[in-house]
file structure28.cif (mmCIF, C-alpha atoms)
data_work
loop_
_atom_site.label_atom_id
_atom_site.label_comp_id
_atom_site.auth_asym_id
_atom_site.auth_seq_id
_atom_site.Cartn_x
_atom_site.Cartn_y
_atom_site.Cartn_z
CA MET U 1 102.12 128.95 141.95
CA ALA U 2 102.70 125.33 141.07
CA MET U 3 100.52 122.50 139.78
CA VAL U 4 101.07 118.93 140.84
CA ALA U 5 100.30 115.85 138.74
CA ALA U 6 100.98 112.14 138.95
CA VAL U 7 102.96 111.04 135.92
CA GLU U 8 103.59 107.30 135.66
CA GLY U 9 103.50 106.99 139.45
CA ARG U 10 105.76 109.97 140.08
CA ILE U 11 104.59 113.24 141.53
CA VAL U 12 105.66 116.01 139.22
CA GLU U 13 105.45 119.67 140.04
CA TYR U 14 104.84 122.04 137.18
CA LEU U 15 105.44 125.74 137.40
CA TYR U 16 102.24 127.52 136.42
CA LEU U 17 102.52 131.01 135.04
CA PRO U 18 99.44 131.74 132.93
CA GLU U 19 100.19 135.44 132.66
CA SER U 20 103.39 137.28 132.98
CA ASN U 21 104.10 140.92 132.52
CA ALA U 22 107.83 140.29 132.43
CA GLU U 23 109.36 141.86 129.36
CA GLY U 24 112.16 140.99 127.00
CA GLU U 25 113.99 137.67 126.84
CA THR U 26 113.06 136.73 130.43
CA GLY U 27 109.36 137.21 129.75
CA ARG U 28 109.52 135.20 126.55
CA THR U 29 111.37 132.38 128.33
CA LEU U 30 108.85 132.35 131.20
CA ARG U 31 105.86 132.30 128.86
CA SER U 32 107.41 129.63 126.67
CA GLU U 33 108.24 127.45 129.68
CA SER U 34 104.78 127.97 131.11
CA LYS U 35 103.20 126.90 127.82
CA ARG U 36 105.42 123.84 127.60
CA ASN U 37 104.63 122.85 131.20
CA LEU U 38 100.91 123.17 130.57
CA GLY U 39 101.28 121.01 127.47
CA ASN U 40 103.16 118.37 129.44
CA LEU U 41 100.54 118.51 132.17
CA ALA U 42 97.69 118.01 129.72
CA GLU U 43 99.49 115.20 127.92
CA ALA U 44 100.19 113.34 131.16
CA SER U 45 96.70 113.78 132.58
CA ILE U 46 94.53 110.66 132.60
CA PHE U 47 91.57 112.89 131.79
CA TRP U 48 93.15 115.00 129.04
CA ARG U 49 95.40 112.43 127.36
CA PRO U 50 92.67 110.66 125.30
CA MET U 51 91.48 114.06 124.05
CA PHE U 52 95.05 115.06 123.29
CA LEU U 53 95.56 111.83 121.28
CA LEU U 54 92.20 112.20 119.53
CA ASN U 55 93.09 115.76 118.59
CA ASN U 56 96.44 114.58 117.20
CA ALA U 57 94.69 111.82 115.23
CA HIS U 58 92.21 114.31 113.73
CA ARG U 59 95.10 116.59 112.83
CA ARG U 60 96.88 113.68 111.13
CA ILE U 61 93.77 112.83 109.08
CA SER U 62 93.55 116.49 108.02
CA GLU U 63 97.20 116.36 106.93
CA LEU U 64 96.55 113.23 104.87
CA ALA U 65 93.41 114.76 103.36
CA SER U 66 95.56 117.54 101.95
CA LEU U 67 98.10 115.24 100.28
CA LYS U 68 98.56 115.81 96.58
CA SER U 69 98.21 112.85 94.24
CA ASN U 70 101.51 111.10 93.47
CA TRP U 71 102.60 111.70 97.07
CA ASP U 72 104.56 108.42 96.97
CA SER U 73 106.16 109.31 93.59
CA TYR U 74 104.63 106.12 92.10
CA GLY U 75 101.28 107.71 91.24
CA ALA U 76 99.34 107.06 94.46
CA PRO U 77 96.03 108.93 94.61
CA SER U 78 95.40 111.27 97.52
CA PRO U 79 92.76 110.16 100.05
CA ASP U 80 89.37 111.40 98.80
CA SER U 81 86.39 112.68 100.81
CA ILE U 82 84.86 109.18 101.14
CA ALA U 83 88.06 107.75 102.63
CA VAL U 84 88.44 110.75 104.94
CA LYS U 85 84.80 110.53 106.09
CA ASN U 86 85.19 106.83 106.87
CA ALA U 87 88.51 107.48 108.62
CA VAL U 88 86.78 109.99 110.91
CA ARG U 89 84.01 107.43 111.60
CA ILE U 90 86.63 104.82 112.54
CA LEU U 91 88.42 107.33 114.76
CA LYS U 92 85.19 108.11 116.64
CA LEU U 93 84.78 104.42 117.49
CA MET U 94 88.33 103.99 118.77
CA GLN U 95 89.06 103.51 122.44
CA PRO U 96 91.88 105.36 124.25
CA ILE U 97 94.10 102.26 124.05
CA ASP U 98 93.69 102.24 120.25
CA LEU U 99 94.67 105.90 120.08
CA GLU U 100 97.81 105.21 122.12
CA ARG U 101 99.00 102.64 119.58
CA VAL U 102 97.72 103.71 116.21
CA ASN U 103 99.85 104.90 113.28
CA ILE U 104 97.71 106.73 110.74
CA VAL U 105 99.25 106.52 107.28
CA PRO U 106 98.23 107.17 103.68
CA SER U 107 97.40 104.13 101.56
CA ALA U 108 99.26 103.72 98.27
CA GLU U 109 95.97 102.51 96.77
CA GLY U 110 94.21 105.76 97.77
CA GLY U 111 92.80 106.04 101.27
CA ILE U 112 93.84 106.10 104.90
CA ALA U 113 95.07 103.22 107.05
CA PHE U 114 95.13 102.74 110.81
CA CYS U 115 98.12 100.51 111.56
CA PHE U 116 98.96 98.74 114.81
CA LYS U 117 102.06 96.75 115.72
CA ARG U 118 103.09 95.14 118.97
CA ARG U 119 106.06 92.80 119.09
CA ASP U 120 105.57 90.48 116.07
CA ARG U 121 101.84 91.15 115.75
CA TYR U 122 100.65 93.54 113.04
CA ALA U 123 97.10 94.60 112.13
CA ASP U 124 95.58 97.41 110.13
CA ILE U 125 92.23 98.76 109.03
CA GLU U 126 92.26 100.61 105.73
CA THR U 127 89.55 102.88 104.38
CA SER U 128 89.76 103.22 100.60
CA ASN U 129 88.68 105.90 98.16
CA ASP U 130 86.14 103.44 96.70
CA GLY U 131 84.40 103.21 100.08
CA THR U 132 85.59 99.73 101.05
CA ILE U 133 87.00 99.17 104.52
CA LEU U 134 89.28 96.15 104.85
CA GLY U 135 91.80 95.06 107.41
CA VAL U 136 94.51 92.50 107.80
CA SER U 137 96.28 90.84 110.71
CA TYR U 138 99.30 88.59 110.97
CA VAL U 139 101.94 87.29 113.34
CA GLY U 140 105.53 87.43 112.11
CA MET U 141 105.74 85.65 108.74
CA GLU U 142 102.53 83.65 109.17
CA THR U 143 99.85 83.86 106.48
CA PRO U 144 97.93 87.16 106.80
CA LEU U 145 94.23 86.99 107.63
CA LEU U 146 91.73 89.31 105.98
CA ILE U 147 89.43 91.36 108.22
CA ASN U 148 86.25 92.10 106.26
CA VAL U 149 85.27 95.25 108.10
CA GLY U 150 82.38 96.64 106.04
CA SER U 151 81.02 100.14 106.45
CA SER U 152 78.32 99.83 109.14
CA GLU U 153 79.06 101.15 112.62
CA ASP U 154 78.68 97.65 114.10
CA SER U 155 81.12 96.12 111.64
CA ILE U 156 83.69 98.88 112.25
CA LYS U 157 83.34 98.29 116.01
CA ALA U 158 83.78 94.54 115.45
CA GLY U 159 86.87 95.19 113.29
CA LEU U 160 88.42 97.39 115.96
CA GLU U 161 87.62 94.81 118.64
CA HIS U 162 89.30 92.14 116.53
CA VAL U 163 92.41 94.30 116.15
CA ARG U 164 92.45 95.14 119.89
CA ALA U 165 92.18 91.47 120.87
CA PHE U 166 94.76 90.45 118.26
CA ILE U 167 97.35 93.05 119.20
CA GLY U 168 96.79 92.37 122.92
CA THR U 169 97.64 94.47 125.94
CA MET F 1 120.59 103.72 84.18
CA LYS F 2 119.84 104.77 80.56
CA ARG F 3 118.36 102.11 78.31
CA ARG F 4 120.58 102.87 75.29
CA GLY F 5 118.69 100.51 72.99
CA ARG F 6 119.04 97.47 75.20
CA ALA F 7 116.32 94.81 74.91
CA GLU F 8 114.10 93.56 77.73
CA ASP F 9 115.69 90.87 79.86
CA PRO F 10 113.01 88.37 80.93
CA VAL F 11 115.37 86.25 83.06
CA PHE F 12 115.06 86.80 86.82
CA GLU F 13 117.00 84.79 89.39
CA PRO F 14 114.86 83.84 92.41
CA VAL F 15 117.16 85.75 94.79
CA GLU F 16 117.27 88.91 92.65
CA ARG F 17 116.10 91.88 94.70
CA LEU F 18 113.57 94.44 93.52
CA PHE F 19 113.96 97.95 94.96
CA ARG F 20 111.38 100.61 95.72
CA ARG F 21 111.64 103.99 97.45
CA TYR F 22 109.50 104.77 100.50
CA LYS F 23 108.85 107.36 103.19
CA ARG F 24 109.30 106.76 106.91
CA GLU F 25 105.55 106.92 107.64
CA HIS F 26 105.15 103.41 106.17
CA ILE F 27 107.47 101.90 108.74
CA VAL F 28 105.21 100.69 111.56
CA GLY F 29 106.93 99.20 114.60
CA GLY F 30 110.19 98.85 112.68
CA ALA F 31 108.76 97.02 109.65
CA PHE F 32 107.35 98.12 106.32
CA SER F 33 103.55 98.08 106.12
CA GLY F 34 101.94 96.70 102.97
CA VAL F 35 99.69 99.77 103.06
CA GLY F 36 102.57 101.49 101.27
CA LEU F 37 102.14 99.20 98.24
CA SER F 38 99.48 99.28 95.55
CA PHE F 39 98.29 96.61 93.15
CA LYS F 40 95.67 98.81 91.48
CA ASP F 41 98.24 98.87 88.66
CA ALA F 42 101.38 96.83 88.31
CA PRO F 43 103.73 98.25 90.99
CA SER F 44 107.01 99.75 89.75
CA LEU F 45 110.39 98.68 91.06
CA ASN F 46 114.05 98.65 90.00
CA ARG F 47 115.73 95.28 89.51
CA GLU F 48 119.02 94.44 91.19
CA LYS F 49 120.56 92.96 88.03
CA TYR F 50 120.79 96.44 86.51
CA SER F 51 120.74 98.81 89.51
CA LYS F 52 121.75 99.44 93.08
CA PRO F 53 119.40 100.32 95.96
CA GLN F 54 120.43 104.01 95.88
CA ASP F 55 119.46 104.26 92.19
CA ALA F 56 115.81 104.19 93.30
CA LEU F 57 116.50 107.60 94.88
CA PHE F 58 118.01 109.14 91.78
CA SER F 59 116.35 112.30 90.56
CA GLU F 60 117.86 115.18 88.63
CA ALA F 61 116.06 117.54 91.03
CA ASP F 62 117.26 115.60 94.11
CA GLU F 63 113.64 115.23 95.28
CA PHE F 64 114.22 111.82 96.90
CA VAL F 65 117.34 112.67 98.86
CA ASP F 66 115.78 111.85 102.27
CA TRP F 67 113.63 108.94 101.14
CA GLY F 68 114.53 105.33 101.88
CA VAL F 69 114.64 102.15 99.80
CA VAL F 70 113.08 98.78 100.57
CA SER F 71 113.41 95.52 98.70
CA PHE F 72 112.03 92.03 98.33
CA GLN F 73 113.35 89.08 96.39
CA VAL F 74 111.71 87.73 93.25
CA GLN F 75 111.11 84.41 95.01
CA GLN F 76 109.11 86.24 97.70
CA ILE F 77 106.40 87.26 95.24
CA PRO F 78 103.57 84.75 95.75
CA PRO F 79 103.31 82.89 92.40
CA SER F 80 99.53 82.76 92.65
CA VAL F 81 96.83 84.20 94.91
CA PRO F 82 94.77 83.40 96.89
CA PRO F 83 96.85 80.33 97.81
CA GLU F 84 93.89 78.08 98.60
CA ARG F 85 92.03 78.72 95.31
CA PRO F 86 94.30 80.61 92.90
CA LEU F 87 92.58 83.21 90.73
CA TYR F 88 95.64 85.26 89.72
CA ASN F 89 99.25 84.56 88.76
CA LEU F 90 101.98 87.01 89.73
CA PHE F 91 105.43 87.48 88.22
CA PRO F 92 108.07 90.18 87.72
CA LYS F 93 108.23 91.75 84.27
CA HIS F 94 111.21 93.76 83.08
CA ALA F 95 109.71 96.98 81.64
CA PRO F 96 112.68 99.20 80.74
CA LEU F 97 112.17 102.97 80.49
CA GLU F 98 114.44 105.19 78.40
CA ASP F 99 115.90 106.80 81.54
CA ASN F 100 115.69 103.69 83.75
CA TYR F 101 116.69 100.40 82.15
CA SER F 102 116.18 98.49 85.45
CA HIS F 103 112.47 99.43 85.67
CA THR F 104 110.42 96.36 86.51
CA GLU F 105 106.77 95.74 87.34
CA VAL F 106 105.04 93.01 89.31
CA HIS F 107 102.35 91.77 86.97
CA CYS F 108 99.13 90.14 87.98
CA VAL F 109 97.12 88.18 85.42
CA ARG F 110 93.87 86.36 85.83
CA ILE F 111 93.85 82.58 85.41
CA PRO F 112 93.48 81.81 82.51
CA SER F 113 95.97 84.40 81.39
CA SER F 114 95.20 87.84 79.91
CA GLY F 115 96.70 91.30 80.45
CA TYR F 116 97.28 92.89 83.85
CA VAL F 117 94.16 92.80 85.99
CA GLU F 118 93.53 94.57 89.23
CA PRO F 119 93.01 91.76 91.76
CA ALA F 120 89.82 91.84 93.86
CA PRO F 121 90.09 94.14 96.93
CA GLY F 122 90.43 91.31 99.47
CA VAL F 123 93.09 89.56 97.37
CA ARG F 124 94.99 92.84 96.94
CA LYS F 125 94.86 93.47 100.67
CA LEU F 126 96.36 90.05 101.46
CA LEU F 127 98.92 90.35 98.69
CA ARG F 128 100.13 93.74 99.93
CA ALA F 129 100.34 92.41 103.50
CA THR F 130 102.28 89.35 102.34
CA LEU F 131 104.84 91.44 100.47
CA GLY F 132 104.95 93.93 103.36
CA GLN F 133 105.97 91.05 105.65
CA ARG F 134 108.86 90.12 103.34
CA ILE F 135 110.15 93.57 102.54
CA VAL F 136 113.47 94.60 104.04
CA ILE F 137 114.82 98.11 104.43
CA GLU F 138 117.85 98.77 102.22
CA ILE F 139 118.25 102.49 102.90
CA GLU F 140 116.49 104.08 105.87
CA ALA F 141 114.20 107.02 105.07
CA ARG F 142 114.84 110.30 106.89
CA ILE F 143 111.45 111.76 106.00
#
call {"tool": "encode", "arguments": {"input": "structure28.cif", "output": "C-alpha cells"}}
result
Amino acid sequence: MAMVAAVEGRIVEYLYLPESNAEGETGRTLRSESKRNLGNLAEASIFWRPMFLLNNAHRRISELASLKSNWDSYGAPSPDSIAVKNAVRILKLMQPIDLERVNIVPSAEGGIAFCFKRRDRYADIETSNDGTILGVSYVGMETPLLINVGSSEDSIKAGLEHVRAFIGT
Amino acid sequence: MKRRGRAEDPVFEPVERLFRRYKREHIVGGAFSGVGLSFKDAPSLNREKYSKPQDALFSEADEFVDWGVVSFQVQQIPPSVPPERPLYNLFPKHAPLEDNYSHTEVHCVRIPSSGYVEPAPGVRKLLRATLGQRIVIEIEARI
C-alpha cells in the first residue's frame, strides 16, 4: 500500500507499512523505513507541517528551560519560569510563517529569544527572567530599532506583526 | 596566559580585537545575534594584545573544544548610549585574572561617572544588537 502526497509541487509516493510481522534485520529495516516515510509525509503535509513546527518549537523551549546556569560559561542565568511562560504565550500567537523562520535561542541575560533573519534583515523578540519582553530590528549595519513589546496579548501580537512585516515574505 | 605579576595595561588601540567564545545556536542566518551577549554585568572578553582567538577556548578540562570564538574591535564599542541622549559611557577595561592576563571587560558607567551600572533594559537591548551587528566569527563553533 502506498500513500501519495504533493511535496513542493511534486507528487511523491510513500510506502506505507504500519505493521509488519517480518522478523530480523528485514523487519527492522521495513519498520524503520515506514516510520521515516510517515515522518516525511507529516512534515511535508500542508495540514500537519504547522503542528510539526509548533511541536518542535515547544520541544526547543523545554530544552532551554532545562539549561543549567552558566550555560554560556560566562555566568548566564538559565531561563526561569516567567521567561518560559512568556515564551509559550508568544509561541501560541505565532503564525505558521513565523514558525518556519524562527530560531529559538537562550538569552545571555536570562530568558528566551525568538530570532528571525532574512537576507540582511534581522529581528528578535526576547522574553527575560524579569518579565520584560523587548525586541529589536535592524537592516545590515543600520541603527537598531527597539520594539517595546510589553506583556499583554495585544502587544505581543503587535510585536509579532511588526517582525513579520519587517522580515518580509 | 598567566598574569605573573604584570600590571593592568589601560592602553587599547582602536583596532584591537576583543575575543569571546560562543555556541552555534547564537548564529542566526550566518551572523552572531546580540542575544548571546549580556550587559547585566560587564561582559568578559580576552584582548588581542595579550592573546589569540583560540585562547578563549582554553580549558584544562577541554570543555570548550567544539565552541567557537567571535570578536569585535575596541572602536566598535559605542562610546555612549543611547546615541541621541547619552546616559551611559562605555569603554574596555583590562581586568587581568591570575590565570588569564588578557581578561578584559566592557564597562558601562552612568553619566556622570560612577562604578559599573546595568543599563536600562531598552538601552541594553539596543547595545547588544549593535555589538551583535559588528561581531565577526573568528573560529566557527561545532556545537
call {"tool": "closest_residue", "arguments": {"input": "structure28.cif", "among": "F:Leu126, F:Leu87, F:Val65, F:Val136", "to": "chain U", "atoms": "all atoms listed in the file"}}
result
F:Leu126
call {"tool": "closest_atom_pairs", "arguments": {"input": "structure28.cif", "of": "chain U", "to": "chain F", "cutoff": "10 Å", "atoms": "all atoms listed in the file", "output": "JSON lines"}}
result
{"residue": "U:Trp71", "atom": "CA", "partner": "F:Lys23", "partner_atom": "CA", "distance": 9.8}
{"residue": "U:Asp72", "atom": "CA", "partner": "F:Tyr22", "partner_atom": "CA", "distance": 7.1}
{"residue": "U:Ser73", "atom": "CA", "partner": "F:Arg21", "partner_atom": "CA", "distance": 8.6}
{"residue": "U:Tyr74", "atom": "CA", "partner": "F:Ser44", "partner_atom": "CA", "distance": 7.2}
{"residue": "U:Gly75", "atom": "CA", "partner": "F:Ser38", "partner_atom": "CA", "distance": 9.6}
{"residue": "U:Ala76", "atom": "CA", "partner": "F:Ser38", "partner_atom": "CA", "distance": 7.9}
{"residue": "U:Arg101", "atom": "CA", "partner": "F:Gly29", "partner_atom": "CA", "distance": 10.0}
{"residue": "U:Val102", "atom": "CA", "partner": "F:Val28", "partner_atom": "CA", "distance": 9.3}
{"residue": "U:Asn103", "atom": "CA", "partner": "F:Val28", "partner_atom": "CA", "distance": 7.0}
{"residue": "U:Ile104", "atom": "CA", "partner": "F:Glu25", "partner_atom": "CA", "distance": 8.4}
{"residue": "U:Val105", "atom": "CA", "partner": "F:Glu25", "partner_atom": "CA", "distance": 6.3}
{"residue": "U:Pro106", "atom": "CA", "partner": "F:Gly36", "partner_atom": "CA", "distance": 7.5}
{"residue": "U:Ser107", "atom": "CA", "partner": "F:Val35", "partner_atom": "CA", "distance": 5.1}
{"residue": "U:Ala108", "atom": "CA", "partner": "F:Gly36", "partner_atom": "CA", "distance": 5.0}
{"residue": "U:Glu109", "atom": "CA", "partner": "F:Ser38", "partner_atom": "CA", "distance": 4.9}
{"residue": "U:Gly110", "atom": "CA", "partner": "F:Ser38", "partner_atom": "CA", "distance": 8.6}
{"residue": "U:Gly111", "atom": "CA", "partner": "F:Val35", "partner_atom": "CA", "distance": 9.5}
{"residue": "U:Ile112", "atom": "CA", "partner": "F:Val35", "partner_atom": "CA", "distance": 8.8}
{"residue": "U:Ala113", "atom": "CA", "partner": "F:Val35", "partner_atom": "CA", "distance": 7.0}
{"residue": "U:Phe114", "atom": "CA", "partner": "F:Val35", "partner_atom": "CA", "distance": 9.5}
{"residue": "U:Cys115", "atom": "CA", "partner": "F:Val28", "partner_atom": "CA", "distance": 7.1}
{"residue": "U:Phe116", "atom": "CA", "partner": "F:Val28", "partner_atom": "CA", "distance": 7.3}
{"residue": "U:Lys117", "atom": "CA", "partner": "F:Gly29", "partner_atom": "CA", "distance": 5.6}
{"residue": "U:Arg118", "atom": "CA", "partner": "F:Gly29", "partner_atom": "CA", "distance": 7.1}
{"residue": "U:Arg119", "atom": "CA", "partner": "F:Gly29", "partner_atom": "CA", "distance": 7.9}
{"residue": "U:Asp120", "atom": "CA", "partner": "F:Gly29", "partner_atom": "CA", "distance": 8.9}
{"residue": "U:Arg121", "atom": "CA", "partner": "F:Gly29", "partner_atom": "CA", "distance": 9.6}
{"residue": "U:Tyr122", "atom": "CA", "partner": "F:Gly29", "partner_atom": "CA", "distance": 8.6}
{"residue": "U:Ala123", "atom": "CA", "partner": "F:Ala129", "partner_atom": "CA", "distance": 9.5}
{"residue": "U:Asp124", "atom": "CA", "partner": "F:Val35", "partner_atom": "CA", "distance": 8.5}
{"residue": "U:Ile125", "atom": "CA", "partner": "F:Val35", "partner_atom": "CA", "distance": 9.6}
{"residue": "U:Glu126", "atom": "CA", "partner": "F:Val35", "partner_atom": "CA", "distance": 7.9}
{"residue": "U:Ser128", "atom": "CA", "partner": "F:Pro121", "partner_atom": "CA", "distance": 9.8}
{"residue": "U:Thr132", "atom": "CA", "partner": "F:Pro121", "partner_atom": "CA", "distance": 8.3}
{"residue": "U:Ile133", "atom": "CA", "partner": "F:Pro121", "partner_atom": "CA", "distance": 9.6}
{"residue": "U:Leu134", "atom": "CA", "partner": "F:Gly122", "partner_atom": "CA", "distance": 7.3}
{"residue": "U:Gly135", "atom": "CA", "partner": "F:Lys125", "partner_atom": "CA", "distance": 7.6}
{"residue": "U:Val136", "atom": "CA", "partner": "F:Leu126", "partner_atom": "CA", "distance": 7.0}
{"residue": "U:Ser137", "atom": "CA", "partner": "F:Ala129", "partner_atom": "CA", "distance": 8.4}
{"residue": "U:Tyr138", "atom": "CA", "partner": "F:Ala129", "partner_atom": "CA", "distance": 8.5}
{"residue": "U:Val139", "atom": "CA", "partner": "F:Gln133", "partner_atom": "CA", "distance": 9.5}
{"residue": "U:Gly140", "atom": "CA", "partner": "F:Gln133", "partner_atom": "CA", "distance": 7.4}
{"residue": "U:Met141", "atom": "CA", "partner": "F:Gln133", "partner_atom": "CA", "distance": 6.2}
{"residue": "U:Glu142", "atom": "CA", "partner": "F:Gln133", "partner_atom": "CA", "distance": 8.9}
{"residue": "U:Thr143", "atom": "CA", "partner": "F:Thr130", "partner_atom": "CA", "distance": 7.3}
{"residue": "U:Pro144", "atom": "CA", "partner": "F:Leu126", "partner_atom": "CA", "distance": 6.3}
{"residue": "U:Leu145", "atom": "CA", "partner": "F:Leu126", "partner_atom": "CA", "distance": 7.2}
{"residue": "U:Leu146", "atom": "CA", "partner": "F:Leu126", "partner_atom": "CA", "distance": 6.5}
{"residue": "U:Ile147", "atom": "CA", "partner": "F:Gly122", "partner_atom": "CA", "distance": 8.8}
{"residue": "U:Asn148", "atom": "CA", "partner": "F:Gly122", "partner_atom": "CA", "distance": 8.0}
call {"tool": "atom_distance", "arguments": {"input": "structure28.cif", "atom1": "CA of Ala95 in chain F", "atom2": "CA of Glu13 in chain F"}}
result
16.2 Å
call {"tool": "residues_around", "arguments": {"input": "structure28.cif", "residues": "Asn100 in chain F", "least_positions_apart": "3", "cutoff": "7 Å", "atoms": "only C-alpha atoms", "output": "tab-separated table (two decimals) with C-alpha atoms, in the coordinates of the input"}}
result
chain	number	residue	atom	x	y	z
F	1	MET	CA	120.59	103.72	84.18
F	2	LYS	CA	119.84	104.77	80.56
F	3	ARG	CA	118.36	102.11	78.31
F	96	PRO	CA	112.68	99.20	80.74
F	97	LEU	CA	112.17	102.97	80.49
F	103	HIS	CA	112.47	99.43	85.67
call {"tool": "resolve_selection", "arguments": {"input": "structure28.cif", "expression": "the PyMOL selection byres ((chain U and resi 80) around 10)", "output": "count of residues only"}}
result
19
call {"tool": "atom_distance", "arguments": {"input": "structure28.cif", "atom1": "CA of Glu43 in chain U", "atom2": "CA of Ala87 in chain U"}}
result
23.5 Å
call {"tool": "axis_aligned_box", "arguments": {"input": "structure28.cif", "around": "range 54-64 of chain F", "padding_each_side": "4 Å", "output": "JSON"}}
result
{"center_x": 117.0, "center_y": 110.8, "center_z": 92.8, "size_x": 14.8, "size_y": 21.5, "size_z": 16.3}
call {"tool": "atom_distance", "arguments": {"input": "structure28.cif", "atom1": "CA of Cys108 in chain F", "atom2": "CA of Lys93 in chain F"}}
result
10.0 Å
call {"tool": "residues_around", "arguments": {"input": "structure28.cif", "residues": "Ile111 in chain F", "least_positions_apart": "6", "cutoff": "10 Å", "atoms": "only C-alpha atoms", "output": "ChimeraX atom specification"}}
result
/F:80,86-89
call {"tool": "residues_around", "arguments": {"input": "structure28.cif", "residues": "Ile77 in chain F", "least_positions_apart": "5", "cutoff": "10 Å", "atoms": "all atoms listed in the file", "output": "list in words"}}
result
Pro14, Phe72, Leu90, Phe91, Pro92, Val106, Leu127, Thr130, Leu131 and Arg134 of chain F
call {"tool": "write_last_selection", "arguments": {"input": "structure28.cif", "atoms": "C-alpha atoms", "output": "short mmCIF file (atom, residue, chain, number, x, y, z; two decimals), in the frame of the given file"}}
result
data_model
loop_
_atom_site.label_atom_id
_atom_site.label_comp_id
_atom_site.auth_asym_id
_atom_site.auth_seq_id
_atom_site.Cartn_x
_atom_site.Cartn_y
_atom_site.Cartn_z
CA PRO F 14 114.86 83.84 92.41
CA PHE F 72 112.03 92.03 98.33
CA LEU F 90 101.98 87.01 89.73
CA PHE F 91 105.43 87.48 88.22
CA PRO F 92 108.07 90.18 87.72
CA VAL F 106 105.04 93.01 89.31
CA LEU F 127 98.92 90.35 98.69
CA THR F 130 102.28 89.35 102.34
CA LEU F 131 104.84 91.44 100.47
CA ARG F 134 108.86 90.12 103.34
#
call {"tool": "residues_around", "arguments": {"input": "structure28.cif", "residues": "Ser152 in chain U", "least_positions_apart": "5", "cutoff": "10 Å", "atoms": "only C-alpha atoms", "output": "number ranges by chain"}}
result
U: 89, 133, 157-158
call {"tool": "residues_near_point", "arguments": {"input": "structure28.cif", "point": "(117.2, 104.0, 94.8)", "cutoff": "8 Å", "atoms": "all atoms listed in the file", "output": "PyMOL selection string"}}
result
chain F and resi 19-21+46+52-58+68-69
call {"tool": "resolve_selection", "arguments": {"input": "structure28.cif", "expression": "the PyMOL selection byres ((chain U and resi 45-59) around 8)", "output": "VMD selection string"}}
result
chain U and resid 5 to 7 41 to 44 60 to 63 88 91 96 99 to 100 104
call {"tool": "closest_residue", "arguments": {"input": "structure28.cif", "among": "F:Arg24, F:Glu48, F:Asp99, F:Val74", "to": "Glu140 in chain F", "atoms": "all atoms listed in the file"}}
result
F:Arg24
call {"tool": "resolve_selection", "arguments": {"input": "structure28.cif", "expression": "the PyMOL selection byres ((chain U and resi 160) around 9)", "output": "list in words"}}
result
Ile90, Leu93, Met94, Gln95, Asp98, Ile125, Val149, Ser155, Ile156, Lys157, Ala158, Gly159, Glu161, His162, Val163, Arg164 and Ala165 of chain U
call {"tool": "closest_residue", "arguments": {"input": "structure28.cif", "among": "F:Ile135, F:Glu8, F:Phe32, F:Val81", "to": "Tyr50 in chain F", "atoms": "only C-alpha atoms"}}
result
F:Glu8
call {"tool": "build_atoms", "arguments": {"input": "structure28.cif", "residues": "range 139-152 of chain U", "atoms": "N, CA and C atoms", "output": "PDB file, in the frame of the given file"}}
result
ATOM      1  N   VAL U 139     100.874  87.441 112.343  1.00  0.00           N
ATOM      2  CA  VAL U 139     101.940  87.290 113.340  1.00  0.00           C
ATOM      3  C   VAL U 139     103.207  86.932 112.576  1.00  0.00           C
ATOM      4  N   GLY U 140     104.249  87.721 112.748  1.00  0.00           N
ATOM      5  CA  GLY U 140     105.530  87.430 112.110  1.00  0.00           C
ATOM      6  C   GLY U 140     105.366  87.176 110.618  1.00  0.00           C
ATOM      7  N   MET U 141     105.812  85.993 110.167  1.00  0.00           N
ATOM      8  CA  MET U 141     105.740  85.650 108.740  1.00  0.00           C
ATOM      9  C   MET U 141     104.586  84.686 108.447  1.00  0.00           C
ATOM     10  N   GLU U 142     103.675  84.547 109.412  1.00  0.00           N
ATOM     11  CA  GLU U 142     102.530  83.650 109.170  1.00  0.00           C
ATOM     12  C   GLU U 142     101.605  84.255 108.116  1.00  0.00           C
ATOM     13  N   THR U 143     100.765  83.406 107.524  1.00  0.00           N
ATOM     14  CA  THR U 143      99.850  83.860 106.480  1.00  0.00           C
ATOM     15  C   THR U 143      98.923  84.948 107.018  1.00  0.00           C
ATOM     16  N   PRO U 144      98.824  86.086 106.331  1.00  0.00           N
ATOM     17  CA  PRO U 144      97.930  87.160 106.800  1.00  0.00           C
ATOM     18  C   PRO U 144      96.459  86.744 106.710  1.00  0.00           C
ATOM     19  N   LEU U 145      95.667  87.253 107.637  1.00  0.00           N
ATOM     20  CA  LEU U 145      94.230  86.990 107.630  1.00  0.00           C
ATOM     21  C   LEU U 145      93.500  88.285 107.279  1.00  0.00           C
ATOM     22  N   LEU U 146      92.513  88.150 106.402  1.00  0.00           N
ATOM     23  CA  LEU U 146      91.730  89.310 105.980  1.00  0.00           C
ATOM     24  C   LEU U 146      90.686  89.640 107.046  1.00  0.00           C
ATOM     25  N   ILE U 147      90.514  90.923 107.338  1.00  0.00           N
ATOM     26  CA  ILE U 147      89.430  91.360 108.220  1.00  0.00           C
ATOM     27  C   ILE U 147      88.429  92.103 107.336  1.00  0.00           C
ATOM     28  N   ASN U 148      87.294  91.467 107.082  1.00  0.00           N
ATOM     29  CA  ASN U 148      86.250  92.100 106.260  1.00  0.00           C
ATOM     30  C   ASN U 148      85.479  93.060 107.142  1.00  0.00           C
ATOM     31  N   VAL U 149      85.841  94.319 107.132  1.00  0.00           N
ATOM     32  CA  VAL U 149      85.270  95.250 108.100  1.00  0.00           C
ATOM     33  C   VAL U 149      83.877  95.718 107.667  1.00  0.00           C
ATOM     34  N   GLY U 150      83.685  96.103 106.433  1.00  0.00           N
ATOM     35  CA  GLY U 150      82.380  96.640 106.040  1.00  0.00           C
ATOM     36  C   GLY U 150      82.217  98.062 106.526  1.00  0.00           C
ATOM     37  N   SER U 151      81.118  98.709 106.152  1.00  0.00           N
ATOM     38  CA  SER U 151      81.020 100.140 106.450  1.00  0.00           C
ATOM     39  C   SER U 151      80.004 100.492 107.535  1.00  0.00           C
ATOM     40  N   SER U 152      79.284  99.485 108.075  1.00  0.00           N
ATOM     41  CA  SER U 152      78.320  99.830 109.140  1.00  0.00           C
ATOM     42  C   SER U 152      79.078 100.078 110.447  1.00  0.00           C
TER      43      SER U 152
END
